[in-house]
$ cat upload-v1.cif   # mmCIF, C-alpha atoms and all ligand atoms
data_my_file
#
loop_
_atom_site.label_atom_id
_atom_site.label_comp_id
_atom_site.auth_asym_id
_atom_site.auth_seq_id
_atom_site.Cartn_x
_atom_site.Cartn_y
_atom_site.Cartn_z
CA MET A 87 0.00 0.00 0.00
CA ILE A 88 1.31 3.45 -0.89
CA GLN A 89 0.93 5.84 1.99
CA ARG A 90 0.93 9.53 1.20
CA LYS A 91 1.70 12.02 3.91
CA ALA A 92 2.30 15.73 4.07
CA TYR A 93 4.67 17.57 6.36
CA LYS A 94 3.84 21.21 6.88
CA PHE A 95 6.39 23.72 8.15
CA ARG A 96 6.46 27.44 8.68
CA LEU A 97 8.60 29.18 6.06
CA GLN A 98 11.06 31.86 7.08
CA PRO A 99 11.61 33.81 3.88
CA SER A 100 13.84 36.89 3.66
CA PRO A 101 11.95 40.14 2.90
CA ASP A 102 12.94 39.80 -0.78
CA GLN A 103 11.76 36.21 -0.89
CA ALA A 104 8.49 37.11 0.84
CA GLN A 105 7.94 39.73 -1.87
CA GLN A 106 8.66 37.11 -4.53
CA LEU A 107 6.26 34.65 -2.91
CA HIS A 108 3.58 37.34 -3.09
CA VAL A 109 4.32 37.94 -6.76
CA ILE A 110 4.17 34.26 -7.69
CA ALA A 111 0.98 33.69 -5.70
CA GLY A 112 -0.50 36.77 -7.39
CA HIS A 113 0.34 35.56 -10.90
CA CYS A 114 -1.07 32.11 -10.18
CA ARG A 115 -4.24 33.70 -8.85
CA PHE A 116 -4.45 35.97 -11.89
CA LEU A 117 -4.26 33.02 -14.25
CA TRP A 118 -6.84 31.03 -12.27
CA ASN A 119 -9.28 33.96 -12.27
CA LYS A 120 -8.73 34.74 -15.94
CA VAL A 121 -9.35 31.18 -17.12
CA LEU A 122 -12.20 30.70 -14.67
CA GLY A 123 -13.85 33.87 -16.01
CA MET A 124 -13.49 32.63 -19.60
CA ASN A 125 -14.94 29.26 -18.70
CA LEU A 126 -17.87 30.75 -16.81
CA GLU A 127 -18.68 32.86 -19.85
CA ARG A 128 -18.57 29.73 -21.97
CA LEU A 129 -20.89 27.97 -19.54
CA GLU A 130 -23.29 30.89 -19.69
CA SER A 131 -23.38 30.83 -23.49
CA LYS A 132 -23.56 26.99 -23.52
CA GLN A 133 -20.18 26.51 -25.18
CA PRO A 134 -17.86 23.64 -24.24
CA LEU A 135 -15.38 24.35 -21.46
CA MET A 136 -11.68 24.84 -22.07
CA TRP A 137 -9.77 22.06 -20.36
CA TYR A 138 -6.20 21.91 -19.23
CA HIS A 139 -4.39 21.33 -22.52
CA GLU A 140 -6.23 24.10 -24.30
CA VAL A 141 -5.67 26.72 -21.61
CA ASP A 142 -2.08 25.62 -21.17
CA TYR A 143 -1.59 26.29 -24.88
CA TRP A 144 -3.12 29.75 -24.51
CA SER A 145 -1.17 30.59 -21.39
CA LYS A 146 2.03 30.02 -23.33
CA HIS A 147 0.80 32.58 -25.87
CA TRP A 148 -0.08 35.02 -23.13
CA LYS A 149 3.37 34.72 -21.61
CA ARG A 150 4.89 35.81 -24.92
CA SER A 151 2.55 38.78 -25.25
CA GLU A 152 3.32 42.26 -23.94
CA GLU A 153 0.13 42.51 -21.91
CA TYR A 154 0.60 39.30 -19.95
CA GLY A 155 4.39 38.98 -20.22
CA PHE A 156 4.63 39.45 -16.44
CA LEU A 157 3.46 35.85 -16.04
CA ARG A 158 7.00 34.79 -16.96
CA GLU A 159 8.10 35.90 -13.47
CA ALA A 160 6.33 32.88 -11.98
CA PRO A 161 7.73 29.35 -12.39
CA ALA A 162 6.01 27.71 -15.38
CA GLN A 163 5.27 24.52 -13.43
CA CYS A 164 3.38 26.47 -10.75
CA LEU A 165 1.18 28.13 -13.37
CA GLN A 166 0.55 24.81 -15.09
CA GLN A 167 -0.34 23.23 -11.78
CA LYS A 168 -2.89 25.99 -11.13
CA LEU A 169 -4.49 25.30 -14.51
CA MET A 170 -4.61 21.58 -13.74
CA ASP A 171 -6.20 22.32 -10.36
CA LEU A 172 -8.82 24.45 -12.09
CA SER A 173 -9.59 21.73 -14.64
CA LYS A 174 -9.92 19.25 -11.81
CA ALA A 175 -12.21 21.61 -9.90
CA PHE A 176 -14.48 21.84 -12.96
CA LYS A 177 -14.38 18.10 -13.43
CA ASP A 178 -15.30 17.44 -9.77
CA CYS A 179 -18.12 19.93 -10.04
CA PHE A 180 -19.77 17.95 -12.85
CA ASP A 181 -18.86 14.52 -11.47
CA LYS A 182 -22.03 12.92 -10.20
CA SER A 183 -20.18 10.51 -7.93
CA GLN A 184 -18.58 13.37 -6.00
CA PRO A 185 -20.57 14.99 -3.21
CA LEU A 186 -19.40 18.56 -3.61
CA LYS A 187 -21.34 20.29 -6.36
CA ARG A 188 -19.96 23.77 -6.60
CA LEU A 189 -18.41 25.73 -9.39
CA PRO A 190 -14.82 26.81 -8.78
CA ARG A 191 -14.62 30.28 -7.29
CA PHE A 192 -12.67 33.40 -8.02
CA LYS A 193 -9.68 33.77 -5.75
CA ARG A 194 -9.06 36.97 -3.88
CA ARG A 195 -5.80 38.40 -2.63
CA GLY A 196 -5.15 37.11 0.85
CA GLN A 197 -7.60 34.25 0.50
CA SER A 198 -6.17 30.83 -0.22
CA ASP A 199 -2.94 32.25 -1.59
CA GLY A 200 -0.78 29.36 -2.64
CA PHE A 201 0.92 27.42 -5.38
CA ARG A 202 2.52 24.04 -5.90
CA PHE A 203 5.83 22.77 -7.26
CA PRO A 204 4.84 19.40 -8.73
CA GLU A 205 8.32 18.26 -9.82
CA PRO A 206 10.34 16.62 -7.03
CA LYS A 207 13.52 16.93 -9.09
CA HIS A 208 13.29 20.73 -8.84
CA ILE A 209 12.94 20.69 -5.05
CA HIS A 210 15.99 20.25 -2.87
CA ILE A 211 15.75 19.93 0.87
CA ASP A 212 18.88 20.44 2.90
CA ASN A 213 18.40 20.22 6.63
CA ARG A 214 16.51 23.41 7.54
CA ARG A 215 16.19 24.97 4.11
CA VAL A 216 14.57 24.19 0.81
CA LYS A 217 15.62 25.22 -2.70
CA LEU A 218 12.79 26.09 -5.06
CA PRO A 219 12.81 27.30 -8.69
CA LYS A 220 13.09 31.12 -8.99
CA LEU A 221 13.16 31.49 -5.21
CA GLY A 222 16.46 29.90 -4.25
CA TRP A 223 17.15 28.63 -0.75
CA ILE A 224 14.44 29.44 1.80
CA ARG A 225 14.72 28.60 5.48
CA PHE A 226 11.91 26.82 7.26
CA LYS A 227 11.18 25.80 10.86
CA LYS A 228 11.83 22.09 10.73
CA SER A 229 9.90 20.65 13.63
CA ARG A 230 10.14 16.99 12.66
CA ALA A 231 12.06 14.68 10.34
CA ILE A 232 10.75 14.17 6.80
CA GLU A 233 10.47 10.49 5.89
CA GLY A 234 9.59 9.02 2.51
CA THR A 235 10.04 9.91 -1.16
CA LEU A 236 9.31 13.55 -1.92
CA LYS A 237 6.43 14.03 -4.38
CA ASN A 238 5.74 17.76 -4.42
CA ALA A 239 5.87 20.95 -2.39
CA THR A 240 3.01 23.35 -1.80
CA ILE A 241 3.40 26.92 -0.60
CA THR A 242 0.47 28.48 1.24
CA ARG A 243 -0.20 31.65 3.16
CA SER A 244 -2.41 31.86 6.17
CA ALA A 245 -2.95 34.76 8.57
CA GLY A 246 0.11 36.59 7.24
CA LYS A 247 2.51 33.65 7.45
CA TRP A 248 3.95 31.47 4.70
CA TYR A 249 4.02 27.70 4.98
CA VAL A 250 5.54 24.91 2.94
CA SER A 251 4.04 21.47 2.85
CA PHE A 252 6.01 18.55 1.46
CA GLN A 253 4.03 15.61 0.21
CA VAL A 254 5.84 12.30 0.47
CA ALA A 255 4.98 8.73 -0.40
CA THR A 256 6.12 5.60 1.38
CA ILE A 257 5.35 1.99 0.59
CA VAL A 258 4.04 0.16 3.63
CA GLU A 259 2.48 -3.22 4.12
CA THR A 260 -1.31 -3.14 4.17
CA PRO A 261 -2.21 -3.46 7.83
CA ILE A 262 -5.00 -5.50 9.37
CA HIS A 263 -7.27 -3.54 11.69
CA SER A 264 -7.06 -4.66 15.31
CA ALA A 265 -10.74 -3.93 15.99
CA LYS A 266 -13.46 -6.15 14.54
CA SER A 267 -16.45 -3.87 14.84
CA ILE A 268 -18.61 -1.67 12.65
CA VAL A 269 -20.21 1.59 13.73
CA GLY A 270 -22.67 4.05 12.18
CA ILE A 271 -22.32 7.81 12.65
CA ASP A 272 -24.97 10.46 12.22
CA LEU A 273 -23.47 13.87 11.75
CA GLY A 274 -25.83 16.26 13.41
CA VAL A 275 -26.42 19.93 13.93
CA ALA A 276 -27.19 20.00 17.67
CA SER A 277 -24.40 17.62 18.62
CA PHE A 278 -21.41 17.15 16.34
CA ALA A 279 -22.03 13.43 15.85
CA ALA A 280 -23.97 10.53 17.32
CA LEU A 281 -22.77 6.91 17.19
CA SER A 282 -24.92 3.81 16.79
CA THR A 283 -23.41 2.65 20.09
CA GLY A 284 -25.32 5.45 21.80
CA GLN A 285 -22.29 7.66 22.34
CA ILE A 286 -22.66 11.34 21.47
CA ILE A 287 -19.77 13.57 20.46
CA ASP A 288 -20.58 17.12 21.47
CA SER A 289 -19.56 20.01 19.31
CA ILE A 290 -16.99 21.96 21.16
CA HIS A 291 -17.85 24.92 23.27
CA ALA A 292 -14.49 26.50 22.53
CA PHE A 293 -16.06 27.40 19.21
CA LYS A 294 -18.71 29.49 20.83
CA ALA A 295 -16.27 31.59 22.84
CA TRP A 296 -14.28 32.35 19.71
CA ARG A 297 -17.40 33.03 17.69
CA ASP A 298 -18.52 35.64 20.22
CA LYS A 299 -15.08 37.23 20.02
CA LEU A 300 -15.36 37.25 16.26
CA ALA A 301 -18.77 38.93 16.37
CA THR A 302 -17.45 41.67 18.68
CA ALA A 303 -14.41 42.23 16.48
CA GLN A 304 -16.60 42.45 13.39
CA ARG A 305 -18.89 45.00 15.02
CA ARG A 306 -15.84 47.08 15.86
CA LEU A 307 -14.64 46.85 12.29
CA ALA A 308 -17.96 48.13 10.99
CA LYS A 309 -17.56 51.32 13.05
CA LYS A 310 -14.14 52.15 11.66
CA LYS A 311 -13.43 54.17 8.54
CA LYS A 312 -12.82 51.83 5.65
CA PHE A 313 -9.15 51.34 4.66
CA SER A 314 -7.90 53.56 7.52
CA GLU A 315 -4.93 52.33 9.56
CA ASN A 316 -7.22 51.34 12.44
CA TRP A 317 -9.53 49.53 10.04
CA LYS A 318 -6.60 47.53 8.66
CA LYS A 319 -5.44 46.72 12.20
CA GLN A 320 -8.90 45.48 13.13
CA LYS A 321 -9.07 43.49 9.90
CA ARG A 322 -5.84 41.70 10.86
CA LYS A 323 -7.31 40.94 14.30
CA ILE A 324 -10.33 39.34 12.64
CA GLN A 325 -8.06 37.28 10.41
CA ALA A 326 -6.21 36.02 13.48
CA ILE A 327 -9.49 34.97 15.13
CA HIS A 328 -10.58 33.17 11.96
CA SER A 329 -7.31 31.29 11.88
CA LYS A 330 -7.65 30.43 15.60
CA ILE A 331 -11.16 29.04 15.01
CA ALA A 332 -9.86 27.00 12.09
CA ASN A 333 -7.09 25.60 14.31
CA VAL A 334 -9.48 24.70 17.11
CA ARG A 335 -11.78 22.98 14.62
CA ARG A 336 -8.93 21.10 12.95
CA ASP A 337 -7.64 19.90 16.29
CA PHE A 338 -11.12 18.75 17.31
CA GLN A 339 -11.70 16.92 14.03
CA HIS A 340 -8.35 15.17 14.17
CA LYS A 341 -8.98 13.95 17.71
CA ALA A 342 -12.46 12.69 16.78
CA SER A 343 -11.33 10.97 13.57
CA THR A 344 -8.32 9.37 15.28
CA ALA A 345 -10.43 7.96 18.11
CA LEU A 346 -13.11 6.63 15.73
CA SER A 347 -10.70 5.08 13.26
CA LYS A 348 -8.80 3.32 16.06
CA SER A 349 -11.84 1.78 17.73
CA HIS A 350 -13.71 0.45 14.67
CA ALA A 351 -12.67 -1.43 11.54
CA MET A 352 -15.59 -0.04 9.54
CA VAL A 353 -17.26 3.31 9.94
CA VAL A 354 -20.51 4.03 8.10
CA VAL A 355 -21.51 7.61 7.31
CA GLU A 356 -24.17 9.25 5.20
CA ALA A 357 -23.11 10.46 1.78
CA LEU A 358 -23.44 14.22 1.56
CA LYS A 359 -26.72 15.28 0.14
CA ILE A 360 -25.97 16.49 -3.31
CA THR A 361 -26.83 20.14 -3.63
CA ASN A 362 -27.98 21.20 -7.02
CA MET A 363 -26.21 24.00 -8.74
CA SER A 364 -29.09 26.38 -8.35
CA ALA A 365 -28.97 29.75 -10.03
CA SER A 366 -28.12 31.54 -6.80
CA ALA A 367 -25.36 29.16 -5.82
CA LYS A 368 -23.86 29.36 -9.26
CA GLY A 369 -23.68 33.13 -9.40
CA SER A 370 -23.51 34.99 -12.63
CA ILE A 371 -20.69 36.51 -14.63
CA ASN A 372 -21.37 39.94 -13.15
CA SER A 373 -21.50 38.79 -9.56
CA PRO A 374 -19.68 35.48 -9.49
CA GLY A 375 -19.85 33.57 -6.25
CA LYS A 376 -21.94 36.24 -4.55
CA ASN A 377 -24.70 33.98 -3.39
CA VAL A 378 -27.84 35.52 -2.13
CA LYS A 379 -28.32 32.70 0.30
CA ALA A 380 -30.17 32.63 3.55
CA LYS A 381 -28.03 32.57 6.66
CA SER A 382 -29.18 29.08 7.58
CA ASP A 383 -27.98 27.85 4.22
CA LEU A 384 -24.60 29.34 4.88
CA ASN A 385 -24.34 27.72 8.30
CA ARG A 386 -25.40 24.50 6.66
CA SER A 387 -22.63 24.76 4.11
CA ILE A 388 -20.05 25.42 6.84
CA LEU A 389 -21.25 22.28 8.60
CA ASP A 390 -21.12 20.35 5.35
CA GLN A 391 -17.53 21.45 4.94
CA ALA A 392 -16.67 20.36 8.49
CA TRP A 393 -18.23 16.96 7.87
CA GLY A 394 -16.56 16.65 4.49
CA GLU A 395 -13.23 17.20 6.22
CA LEU A 396 -14.08 14.71 8.98
CA LYS A 397 -14.95 12.08 6.37
CA ARG A 398 -11.73 12.77 4.49
CA GLN A 399 -9.74 12.25 7.68
CA LEU A 400 -11.71 9.13 8.59
CA ALA A 401 -11.13 7.70 5.11
CA TYR A 402 -7.36 7.97 5.18
CA LYS A 403 -6.89 7.17 8.86
CA LEU A 404 -9.00 4.04 8.54
CA GLU A 405 -7.09 3.05 5.42
CA TRP A 406 -3.77 3.45 7.22
CA LEU A 407 -4.99 1.24 10.05
CA GLY A 408 -6.50 -1.39 7.74
CA GLY A 409 -10.13 -0.33 8.05
CA GLU A 410 -12.63 1.18 5.62
CA LEU A 411 -15.05 4.10 5.50
CA ILE A 412 -18.45 3.26 4.01
CA GLU A 413 -20.79 5.91 2.61
CA VAL A 414 -24.48 5.12 2.31
CA PRO A 415 -27.19 7.23 0.69
CA ALA A 416 -29.07 9.42 3.13
CA ALA A 417 -32.71 8.46 2.82
CA TYR A 418 -35.21 8.49 5.70
CA THR A 419 -32.49 7.72 8.25
CA SER A 420 -33.96 10.24 10.65
CA GLN A 421 -37.60 9.16 10.14
CA THR A 422 -37.13 5.39 10.36
CA CYS A 423 -37.54 3.48 13.61
CA ALA A 424 -34.37 1.47 14.31
CA ALA A 425 -36.42 -1.13 16.23
CA CYS A 426 -39.31 -1.89 13.85
CA ARG A 427 -38.24 -0.05 10.63
CA HIS A 428 -41.50 1.88 10.51
CA VAL A 429 -41.10 5.14 8.56
CA ASP A 430 -43.01 8.16 9.76
CA LYS A 431 -41.85 11.75 9.99
CA VAL A 432 -44.17 12.30 12.95
CA SER A 433 -41.96 9.87 14.88
CA ARG A 434 -39.59 12.74 15.46
CA PRO A 435 -41.51 15.17 17.67
CA SER A 436 -38.46 17.33 18.46
CA GLN A 437 -34.86 17.83 17.39
CA GLU A 438 -33.55 15.51 20.12
CA LEU A 439 -36.25 12.91 20.59
CA PHE A 440 -37.33 9.95 18.50
CA CYS A 441 -40.56 8.23 19.49
CA CYS A 442 -41.92 5.59 17.11
CA THR A 443 -45.59 6.03 16.24
CA HIS A 444 -45.85 2.31 15.48
CA CYS A 445 -44.08 0.43 18.28
CA GLY A 446 -43.45 3.17 20.83
CA HIS A 447 -39.65 2.75 20.73
CA THR A 448 -37.94 5.88 22.07
CA ASP A 449 -34.35 6.96 21.62
CA ASN A 450 -32.17 9.97 21.09
CA ALA A 451 -33.07 11.06 17.54
CA ASP A 452 -29.46 11.23 16.34
CA VAL A 453 -28.58 7.86 17.88
CA ASN A 454 -31.65 6.34 16.21
CA ALA A 455 -30.46 7.77 12.88
CA ALA A 456 -26.94 6.43 13.50
CA LYS A 457 -28.40 2.95 14.05
CA ASN A 458 -30.24 3.18 10.73
CA ILE A 459 -27.05 4.31 9.01
CA LEU A 460 -25.25 1.32 10.52
CA GLU A 461 -27.98 -1.02 9.20
CA ALA A 462 -27.73 0.50 5.71
CA GLY A 463 -23.95 0.08 5.85
CA LYS A 464 -24.23 -3.56 6.90
CA ARG A 465 -26.68 -4.26 4.08
CA ALA A 466 -24.23 -2.72 1.62
CA VAL A 467 -21.05 -4.49 2.75
CA PHE A 468 -22.27 -7.89 3.92
CA ARG A 469 -23.86 -8.68 0.54
CA PHE A 470 -20.73 -10.55 -0.55
CA CYS A 471 -20.08 -12.34 2.74
CA GLN A 472 -20.73 -15.99 3.49
CA GLU A 473 -19.36 -15.95 7.06
CA ASP A 474 -21.79 -16.34 9.95
CA ARG A 475 -19.96 -14.61 12.77
CA GLU A 476 -19.73 -10.85 12.72
CA PRO A 477 -15.96 -10.41 13.35
CA GLU A 478 -15.13 -12.62 10.34
CA ARG A 479 -17.77 -10.93 8.24
CA ILE A 480 -16.25 -7.53 9.01
CA ALA A 481 -12.69 -8.67 8.21
CA HIS A 482 -13.95 -10.08 4.91
CA ALA A 483 -16.05 -7.01 4.11
CA VAL A 484 -13.06 -4.70 4.66
CA LEU A 485 -11.06 -6.61 2.03
CA GLU A 486 -13.97 -6.67 -0.42
CA HIS A 487 -14.67 -2.98 0.00
CA ARG A 488 -11.00 -2.12 -0.48
CA LYS A 489 -10.93 -4.06 -3.76
CA ARG A 490 -14.01 -2.31 -5.13
CA ARG A 491 -13.20 1.22 -4.09
CA PRO A 492 -11.30 3.33 -6.64
CA THR A 493 -8.35 5.03 -5.06
CA GLN A 494 -7.85 8.78 -5.33
CA GLN A 495 -4.72 8.09 -7.36
CA LYS A 496 -6.74 6.08 -9.86
CA ARG A 497 -9.40 8.78 -10.12
CA ASP A 498 -6.73 11.40 -10.81
CA ASN A 499 -5.00 9.18 -13.36
CA ASP A 500 -8.29 8.54 -15.14
CA PHE A 501 -8.92 12.25 -15.24
CA PHE A 502 -5.60 13.36 -16.66
CA GLY A 503 -5.48 10.21 -18.79
CA ASP A 504 -8.55 11.59 -20.57
CA PHE A 505 -6.53 14.61 -21.60
CA LYS A 506 -3.75 12.45 -22.93
CA ARG A 507 -6.12 10.36 -25.00
CA GLN A 508 -7.88 13.38 -26.43
CA GLY A 509 -4.64 15.09 -27.34
CA MET A 510 -4.36 18.75 -28.11
CA PRO A 511 -7.75 20.30 -28.72
CA CYS A 512 -6.48 23.06 -31.00
ZN ZN B 601 -40.90 1.34 15.92
#

$ encode --input "upload-v1.cif" --output "C-alpha cells" --more "lines below"
Ligand SMILES: [Zn+2]
Amino acid sequence: MIQRKAYKFRLQPSPDQAQQLHVIAGHCRFLWNKVLGMNLERLESKQPLMWYHEVDYWSKHWKRSEEYGFLREAPAQCLQQKLMDLSKAFKDCFDKSQPLKRLPRFKRRGQSDGFRFPEPKHIHIDNRRVKLPKLGWIRFKKSRAIEGTLKNATITRSAGKWYVSFQVATIVETPIHSAKSIVGIDLGVASFAALSTGQIIDSIHAFKAWRDKLATAQRRLAKKKKFSENWKKQKRKIQAIHSKIANVRRDFQHKASTALSKSHAMVVVEALKITNMSASAKGSINSPGKNVKAKSDLNRSILDQAWGELKRQLAYKLEWLGGELIEVPAAYTSQTCAACRHVDKVSRPSQELFCCTHCGHTDNADVNAAKNILEAGKRAVFRFCQEDREPERIAHAVLEHRKRRPTQQKRDNDFFGDFKRQGMPC
C-alpha cells in the first residue's frame, strides 16, 4: 500500500523572498481567475469548457505577449499546476459521484494564496532549508524529520505567514485492523455526531467563545473608517481569530477521527446530500460567487464542509490502520424506527427525541439515525459475505470494500489520462 503524507512547516523567507512569494501567488491567482472567467462565460453561453491542454496552450501565448508577459516571473510549473487544479475543480463539479457540487470560485488576494511545485527533481531539501525554482534557498522551521520519497511541495499563506508542505509517499504493508467492529455515525447539527453505540460527540464549546469574540471584532470593524490604519489593524485581528477558530476545529476533528478510526474497523456515514447548482449558488458573470443565500444555508454549508473534512480524515486514517469508510445514501435515516423499521416523519416530535408512532420505541433522535445508518452500511457491505460470525464478516467485508473502491490516485489518473487520450484540442 502506498501511503501519502504531508509535512507542513512554517517558512522563514527573507523580505525579498516574501515579496517574490507574493508575486508568484499573485500571478497564479491571476491566471486562475482569468481562465475561470473565460470558462464561466462559456458555460453561460452553452459553449464547451476549455480544459487543461487548451488553456495551457493559450497561457504560453499570453506569456509571450506584452500585456501578460509578467506571467513569466512565476515558475512555469506552478502556473501549469494551477491550470490543472482548475480543470480538476471543474471536473469534480460535474462529477455525479462526488458529493461537492460547486463551481470553482474566483480567488481573492489574501484568500487561499498558494501554489505548488509538482516536480520533485526541482525541489531540494537540505536540513533546515529548501531550494525552489526562482526562489532559491528558503529557510523553514523544521519541527520533525521528513520520511519518505518527496512528491511535491506546496506553498500556502495563512494569517500573514507562509508555509511549505512537502508531500511524500512511502510503501508500507497493508495493515489489518485490530478492531473487529462496525459503527454508524450520524453527523448532526445539535451535537457534532452521534454513534450507533449510543455515544454522542458534542460540538466543542471552545467554538462558541471564539465566535462571540469574532462577532465583537466584526462589530468594531464596521464602526471604523474603511481602509484607515485602524480599520486595517482590526481586519488583521479578525483574520487572526478566523485562523484560531480554524485551528481549534482542525484539532477537534483530528482527535475525533483518530479515536473513531482506532476503535472500529468499519465506519458508516451518510453520503453528503448532493446540492444542485441552483442559479443563486452558481452566481452569474457579473457577480460570481456572490450567493444571495439565507443565513441558515450558509451555516449549513459550513457544517457540510466540516463533515466533508471529517470524512476525508476518517477515510485515510481508517485506510492506514487497515479499516474502511463506508458511505451510504441518506434516505429516511432520521424518520425510520431502528427497532421496527417503521417510517413516519411524525416519529420525530423534536430535534432531540425519537418516538416511534408504530411500536413506541424511544431513543435519542441522532442515535436512532446512527443505528439506521449502521444497518444500511451492513446491508451494503455484507452482501458478498458468506461468514456467519460478525468479526469474520467484518474482516472479509473490509477486504472486499478495499478491492471495489477506486483510489484517489486512480481517479486522478483517469482524469488526466482523458486529456492524454484526447490530445491537443487546438
Ligand atoms: Zn418502531

$ closest_atom_pairs --input "upload-v1.cif" --of "chain A" --to "ligand ZN 601 (chain B)" --cutoff "6 Å" --atoms "all atoms listed in the file" --output "Markdown table"
| residue | atom | partner | partner_atom | distance |
| --- | --- | --- | --- | --- |
| A:Cys423 | CA | B:ZN601 | ZN | 4.6 |
| A:Ala425 | CA | B:ZN601 | ZN | 5.1 |
| A:Cys426 | CA | B:ZN601 | ZN | 4.2 |
| A:His428 | CA | B:ZN601 | ZN | 5.5 |
| A:Cys442 | CA | B:ZN601 | ZN | 4.5 |
| A:His444 | CA | B:ZN601 | ZN | 5.1 |
| A:Cys445 | CA | B:ZN601 | ZN | 4.1 |
| A:Gly446 | CA | B:ZN601 | ZN | 5.8 |
| A:His447 | CA | B:ZN601 | ZN | 5.2 |

$ atom_distance --input "upload-v1.cif" --atom1 "atom CA of Ile232 of chain A" --atom2 "atom CA of Gln98 of chain A"
17.7 Å

$ residues_around --input "upload-v1.cif" --residues "Gly246 of chain A" --least-positions-apart "2" --cutoff "9 Å" --atoms "all atoms listed in the file" --output "list in words"
Gly196, Arg243, Ser244, Trp248, Arg322, Gln325 and Ala326 of chain A

$ axis_aligned_box --input "upload-v1.cif" --around "segment 217-220 of chain A" --padding-each-side "3 Å" --output "AutoDock Vina command-line options"
--center_x 14.2 --center_y 28.2 --center_z -5.8 --size_x 8.8 --size_y 11.9 --size_z 12.3

$ closest_residue --input "upload-v1.cif" --among "A:Ala342, A:Ala456, A:Ala451, A:Leu221" --to "Pro101 of chain A" --atoms "only C-alpha atoms"
A:Leu221

$ closest_residue --input "upload-v1.cif" --among "A:Phe470, A:Trp296, A:Tyr418, A:Phe95" --to "Val216 of chain A" --atoms "all atoms listed in the file"
A:Phe95

$ residues_around --input "upload-v1.cif" --residues "Ala160 of chain A" --least-positions-apart "2" --cutoff "9 Å" --atoms "all atoms listed in the file" --output "count of residues only"
14

$ atom_distance --input "upload-v1.cif" --atom1 "atom CA of Cys471 of chain A" --atom2 "atom CA of Trp393 of chain A"
29.8 Å

$ residues_around --input "upload-v1.cif" --residues "segment 170-173 of chain A" --least-positions-apart "3" --cutoff "10 Å" --atoms "only C-alpha atoms" --output "PyMOL selection string"
chain A and resi 117-119+121-122+135-139+141-142+164-167+176-179+190-191+202+501-502

$ residues_around --input "upload-v1.cif" --residues "Lys207 of chain A" --least-positions-apart "5" --cutoff "12 Å" --atoms "all atoms listed in the file" --output "count of residues only"
8

$ build_atoms --input "upload-v1.cif" --residues "segment 421-436 of chain A" --atoms "N, CA and C atoms" --output "tab-separated table (two decimals), in the coordinates of the input"
chain	number	residue	atom	x	y	z
A	421	GLN	N	-36.17	9.41	9.94
A	421	GLN	CA	-37.60	9.16	10.14
A	421	GLN	C	-37.93	7.69	10.36
A	422	THR	N	-36.90	6.83	10.22
A	422	THR	CA	-37.13	5.39	10.36
A	422	THR	C	-36.89	4.94	11.80
A	423	CYS	N	-37.74	4.04	12.28
A	423	CYS	CA	-37.54	3.48	13.61
A	423	CYS	C	-36.49	2.37	13.52
A	424	ALA	N	-35.44	2.47	14.35
A	424	ALA	CA	-34.37	1.47	14.31
A	424	ALA	C	-34.84	0.12	14.85
A	425	ALA	N	-35.94	0.12	15.63
A	425	ALA	CA	-36.42	-1.13	16.23
A	425	ALA	C	-37.35	-1.88	15.27
A	426	CYS	N	-38.34	-1.18	14.68
A	426	CYS	CA	-39.31	-1.89	13.85
A	426	CYS	C	-39.30	-1.47	12.38
A	427	ARG	N	-38.42	-0.52	12.01
A	427	ARG	CA	-38.24	-0.05	10.63
A	427	ARG	C	-39.47	0.68	10.07
A	428	HIS	N	-40.34	1.12	10.95
A	428	HIS	CA	-41.50	1.88	10.51
A	428	HIS	C	-41.04	3.31	10.15
A	429	VAL	N	-41.51	3.80	8.99
A	429	VAL	CA	-41.10	5.14	8.56
A	429	VAL	C	-42.25	6.12	8.75
A	430	ASP	N	-41.98	7.15	9.52
A	430	ASP	CA	-43.01	8.16	9.76
A	430	ASP	C	-42.32	9.43	10.25
A	431	LYS	N	-42.57	10.54	9.56
A	431	LYS	CA	-41.85	11.75	9.99
A	431	LYS	C	-42.40	12.30	11.30
A	432	VAL	N	-43.60	11.87	11.67
A	432	VAL	CA	-44.17	12.30	12.95
A	432	VAL	C	-43.44	11.65	14.13
A	433	SER	N	-42.69	10.58	13.83
A	433	SER	CA	-41.96	9.87	14.88
A	433	SER	C	-40.89	10.75	15.52
A	434	ARG	N	-40.63	11.88	14.88
A	434	ARG	CA	-39.59	12.74	15.46
A	434	ARG	C	-40.24	14.03	15.95
A	435	PRO	N	-40.77	14.00	17.18
A	435	PRO	CA	-41.51	15.17	17.67
A	435	PRO	C	-40.62	16.39	17.91
A	436	SER	N	-39.36	16.18	18.25
A	436	SER	CA	-38.46	17.33	18.46
A	436	SER	C	-37.10	17.00	17.86
